$ cat data.tsv   # TSV, C-alpha atoms
chain	number	residue	atom	x	y	z
H	1	MET	CA	-46.01	132.14	-10.40
H	2	GLN	CA	-48.76	134.60	-11.29
H	3	ALA	CA	-48.10	134.14	-14.99
H	4	PHE	CA	-48.04	130.31	-14.72
H	5	PRO	CA	-50.10	129.32	-11.66
H	6	ALA	CA	-50.35	125.67	-12.72
H	7	GLU	CA	-46.56	125.27	-12.95
H	8	LEU	CA	-45.62	123.14	-9.92
H	9	ARG	CA	-41.97	124.17	-9.82
H	10	TYR	CA	-42.97	127.81	-9.40
H	11	GLN	CA	-45.33	126.86	-6.59
H	12	TYR	CA	-42.48	124.89	-5.02
H	13	GLN	CA	-40.13	127.89	-5.16
H	14	LEU	CA	-42.83	130.07	-3.60
H	15	GLY	CA	-43.18	127.51	-0.81
H	16	ARG	CA	-39.43	127.54	-0.21
H	17	ALA	CA	-39.42	131.33	0.01
H	18	ALA	CA	-42.44	131.29	2.32
H	19	GLN	CA	-40.65	128.96	4.75
H	20	PHE	CA	-38.67	131.97	5.98
H	21	LYS	CA	-41.56	134.41	6.22
H	22	ASP	CA	-44.86	132.56	6.57
H	23	LYS	CA	-44.60	128.94	7.73
H	24	LYS	CA	-48.34	128.35	7.48
H	25	GLN	CA	-48.35	129.44	3.83
H	26	ALA	CA	-45.32	127.25	3.13
H	27	PHE	CA	-46.97	124.31	4.86
H	28	ASP	CA	-50.13	124.76	2.78
H	29	ILE	CA	-48.17	125.05	-0.48
H	30	PHE	CA	-46.05	121.97	0.24
H	31	THR	CA	-49.14	120.01	1.29
H	32	ARG	CA	-50.81	120.77	-2.06
H	33	LEU	CA	-47.62	119.86	-3.91
H	34	VAL	CA	-47.34	116.57	-2.02
H	35	GLN	CA	-50.93	115.77	-2.98
H	36	ALA	CA	-49.88	116.40	-6.60
H	37	ASN	CA	-46.90	113.99	-6.15
H	38	TYR	CA	-44.29	116.73	-6.59
H	39	ALA	CA	-41.33	114.77	-5.20
H	40	ALA	CA	-39.14	117.65	-3.98
H	41	ALA	CA	-41.95	118.98	-1.77
H	42	LEU	CA	-41.97	115.77	0.25
H	43	ASP	CA	-38.60	116.58	1.81
H	44	ASN	CA	-39.65	120.15	2.59
H	45	LEU	CA	-42.96	119.13	4.13
H	46	GLY	CA	-41.22	116.30	6.00
H	47	GLY	CA	-38.73	118.80	7.37
H	48	MET	CA	-41.56	121.02	8.56
H	49	TYR	CA	-43.24	118.08	10.32
H	50	LEU	CA	-39.94	117.08	11.90
H	51	ASN	CA	-38.68	120.48	13.00
H	52	ASP	CA	-41.77	122.64	13.43
H	53	ARG	CA	-44.41	120.13	14.49
H	54	LYS	CA	-42.10	117.60	16.19
H	55	ASP	CA	-43.91	114.79	14.35
H	56	THR	CA	-41.14	112.34	13.48
H	57	ALA	CA	-43.48	109.57	12.32
H	58	THR	CA	-45.14	111.73	9.67
H	59	ALA	CA	-41.77	113.13	8.62
H	60	ILE	CA	-40.43	109.60	8.09
H	61	LYS	CA	-43.46	108.67	5.98
H	62	LEU	CA	-42.94	111.75	3.81
H	63	PHE	CA	-39.19	111.18	3.45
H	64	ARG	CA	-39.79	107.54	2.50
H	65	ARG	CA	-42.37	108.51	-0.09
H	66	GLY	CA	-39.99	111.14	-1.46
H	67	SER	CA	-37.25	108.52	-1.68
H	68	GLU	CA	-39.58	106.19	-3.57
H	69	LEU	CA	-40.30	109.01	-6.02
H	70	GLY	CA	-36.56	109.59	-6.54
H	71	ASP	CA	-36.02	112.70	-4.41
H	72	ALA	CA	-32.36	112.74	-3.31
H	73	ASP	CA	-33.00	115.23	-0.48
H	74	SER	CA	-35.54	112.84	1.06
H	75	MET	CA	-32.97	110.05	0.93
H	76	VAL	CA	-30.39	112.20	2.72
H	77	SER	CA	-33.00	113.19	5.31
H	78	LEU	CA	-33.62	109.52	6.07
H	79	VAL	CA	-29.88	108.97	6.54
H	80	ASP	CA	-29.82	111.91	8.94
H	81	LEU	CA	-32.69	110.42	10.97
H	82	ILE	CA	-30.87	107.08	11.18
H	83	ASP	CA	-27.70	108.86	12.33
H	84	LYS	CA	-29.63	110.75	15.02
H	85	GLY	CA	-31.34	107.57	16.24
H	86	LEU	CA	-34.79	108.89	15.31
H	87	MET	CA	-35.42	106.06	12.86
H	88	SER	CA	-34.54	102.44	13.42
H	89	VAL	CA	-33.93	100.02	10.58
H	90	PRO	CA	-32.72	96.40	10.70
H	91	ASN	CA	-29.30	97.13	9.16
H	92	PRO	CA	-28.53	100.84	9.59
H	93	GLU	CA	-25.12	100.85	7.88
H	94	GLN	CA	-26.38	99.02	4.78
H	95	THR	CA	-29.49	101.20	4.62
H	96	LYS	CA	-27.46	104.40	4.89
H	97	LEU	CA	-25.04	103.23	2.20
H	98	ALA	CA	-27.88	102.31	-0.15
H	99	LEU	CA	-29.67	105.63	0.37
H	100	LEU	CA	-26.51	107.69	0.01
H	101	LYS	CA	-25.42	105.79	-3.09
H	102	ARG	CA	-28.77	106.35	-4.78
H	103	ALA	CA	-28.84	110.05	-3.82
H	104	ALA	CA	-25.25	110.44	-5.03
H	105	GLU	CA	-26.15	108.84	-8.36
H	106	LEU	CA	-28.94	111.41	-8.64
H	107	GLY	CA	-26.32	114.17	-8.31
H	108	HIS	CA	-26.71	115.17	-4.65
H	109	SER	CA	-23.27	116.55	-3.74
H	110	GLY	CA	-23.69	116.05	0.02
H	111	ALA	CA	-24.65	112.43	-0.58
H	112	GLN	CA	-21.61	111.97	-2.81
H	113	ARG	CA	-19.33	113.06	0.04
H	114	GLY	CA	-21.38	111.16	2.63
H	115	TYR	CA	-21.34	107.94	0.60
H	116	GLU	CA	-17.55	107.98	0.39
H	117	LEU	CA	-17.26	108.54	4.15
H	118	GLU	CA	-19.75	105.79	4.99
H	119	LEU	CA	-17.97	103.43	2.60
H	120	GLN	CA	-14.65	104.15	4.32
H	121	LYS	CA	-16.23	103.52	7.73
H	122	ALA	CA	-17.74	100.24	6.56
H	123	ASN	CA	-14.41	99.10	5.12
H	124	GLN	CA	-12.58	100.04	8.33
H	125	ALA	CA	-15.15	98.13	10.38
H	126	ARG	CA	-14.55	95.02	8.23
H	127	ILE	CA	-10.78	95.38	8.70
H	128	ASP	CA	-11.22	95.81	12.46
H	129	GLN	CA	-13.41	92.69	12.65
H	130	ALA	CA	-10.88	90.63	10.70
H	131	THR	CA	-8.06	91.86	12.96
H	132	GLN	CA	-10.09	91.03	16.04
H	133	ARG	CA	-10.79	87.50	14.75
H	134	GLN	CA	-7.08	86.96	14.10
H	135	MET	CA	-6.18	88.18	17.58
H	136	MET	CA	-8.75	85.84	19.13
H	137	GLN	CA	-7.33	82.91	17.14
H	138	ILE	CA	-3.81	83.75	18.27
H	139	PHE	CA	-4.97	84.13	21.86
H	140	GLY	CA	-6.88	80.82	21.66
H	141	THR	CA	-3.81	79.03	20.34
H	142	PHE	CA	-1.70	80.54	23.13
H	143	VAL	CA	-4.19	79.49	25.82
H	144	GLN	CA	-4.36	75.95	24.42
H	145	GLY	CA	-0.55	75.75	24.49
H	146	VAL	CA	-0.43	76.91	28.12
H	147	ALA	CA	-3.18	74.43	29.12
H	148	ARG	CA	-1.20	71.49	27.70
H	149	ARG	CA	1.83	72.19	29.89
$ encode --input "data.tsv" --output "structure tokens"
Amino acid sequence: MQAFPAELRYQYQLGRAAQFKDKKQAFDIFTRLVQANYAAALDNLGGMYLNDRKDTATAIKLFRRGSELGDADSMVSLVDLIDKGLMSVPNPEQTKLALLKRAAELGHSGAQRGYELELQKANQARIDQATQRQMMQIFGTFVQGVARR
């Protein structure tokens, strides 16, 4: 970093290291990187707002911005917030699938595993709904038959 102070990726790595030793320094570094639109820093700064400052609203804004800039970690963080009930969206399952799919396409290994699991859950839910509809139809037919007697 001393040799190349303008190199954002070195600043980012310094911020990551500082998270374990000096949270204020890490916060300051990530804030500067976010101002410079360094996408990966949005997830780190969002995590600091969420976990250290207990500011979920600001964390969500940062994770959303990171997602818009193509940061896979920010996408996975949004999925985590939906799962924990800290972020509400109109269609949580569809939103999670879309975020995980995009993060997986960007090479995020956790998202690749998570996408497959969410896809399996969505498919099972569709099967369960279809089974339930069939059972209700059968039950309705049975009740109509009994009522005619």
$ atom_distance --input "data.tsv" --atom1 "CA of Asp55 in chain H" --atom2 "CA of Gly107 in chain H"
28.7 Å
$ closest_residue --input "data.tsv" --among "H:Pro90, H:Gly15, H:Gly110, H:Gly66" --to "Leu78 in chain H" --atoms "only C-alpha atoms"
H:Gly66
$ closest_atom_pairs --input "data.tsv" --of "range 45-89 of chain H" --to "range 30-35 of chain H" --cutoff "12 Å" --atoms "all atoms listed in the file" --output "Markdown table"
| residue | atom | partner | partner_atom | distance |
| --- | --- | --- | --- | --- |
| H:Leu45 | CA | H:Phe30 | CA | 5.7 |
| H:Gly46 | CA | H:Phe30 | CA | 9.4 |
| H:Gly47 | CA | H:Phe30 | CA | 10.7 |
| H:Met48 | CA | H:Phe30 | CA | 9.5 |
| H:Tyr49 | CA | H:Thr31 | CA | 11.0 |
| H:Lys61 | CA | H:Val34 | CA | 11.9 |
| H:Leu62 | CA | H:Val34 | CA | 8.8 |
| H:Phe63 | CA | H:Val34 | CA | 11.2 |
| H:Arg65 | CA | H:Val34 | CA | 9.7 |
| H:Gly66 | CA | H:Val34 | CA | 9.2 |
| H:Leu69 | CA | H:Val34 | CA | 11.1 |
$ closest_residue --input "data.tsv" --among "H:Leu50, H:Ala104, H:Leu42, H:Ala3" --to "Arg64 in chain H" --atoms "only C-alpha atoms"
H:Leu42
$ atom_distance --input "data.tsv" --atom1 "CA of Ala36 in chain H" --atom2 "CA of Thr58 in chain H"
17.6 Å
$ atom_distance --input "data.tsv" --atom1 "CA of Lys84 in chain H" --atom2 "CA of Gln120 in chain H"
19.6 Å
$ closest_residue --input "data.tsv" --among "H:Ala17, H:Leu106, H:Ala111, H:Ala122" --to "Glu93 in chain H" --atoms "only C-alpha atoms"
H:Ala122
$ axis_aligned_box --input "data.tsv" --around "range 2-14 of chain H" --padding-each-side "8 Å" --output "JSON"
{"center_x": -45.2, "center_y": 128.9, "center_z": -9.3, "size_x": 26.2, "size_y": 27.5, "size_z": 27.4}
$ residues_around --input "data.tsv" --residues "Asp73 in chain H" --least-positions-apart "3" --cutoff "8 Å" --atoms "all atoms listed in the file" --output "list of chain:residue names"
H:Ala40, H:Asp43, H:Val76, H:Ser77, H:Ala103, H:His108
$ closest_residue --input "data.tsv" --among "H:Thr141, H:Asn123, H:Thr95, H:Gln13" --to "Ala26 in chain H" --atoms "all atoms listed in the file"
H:Gln13
$ residues_around --input "data.tsv" --residues "Glu118 in chain H" --least-positions-apart "2" --cutoff "12 Å" --atoms "all atoms listed in the file" --output "list in words"
Val79, Asp83, Pro92, Glu93, Gln94, Thr95, Lys96, Leu97, Ala98, Leu99, Leu100, Lys101, Ala111, Gln112, Arg113, Gly114, Tyr115, Glu116, Gln120, Lys121, Ala122, Asn123, Gln124 and Ala125 of chain H
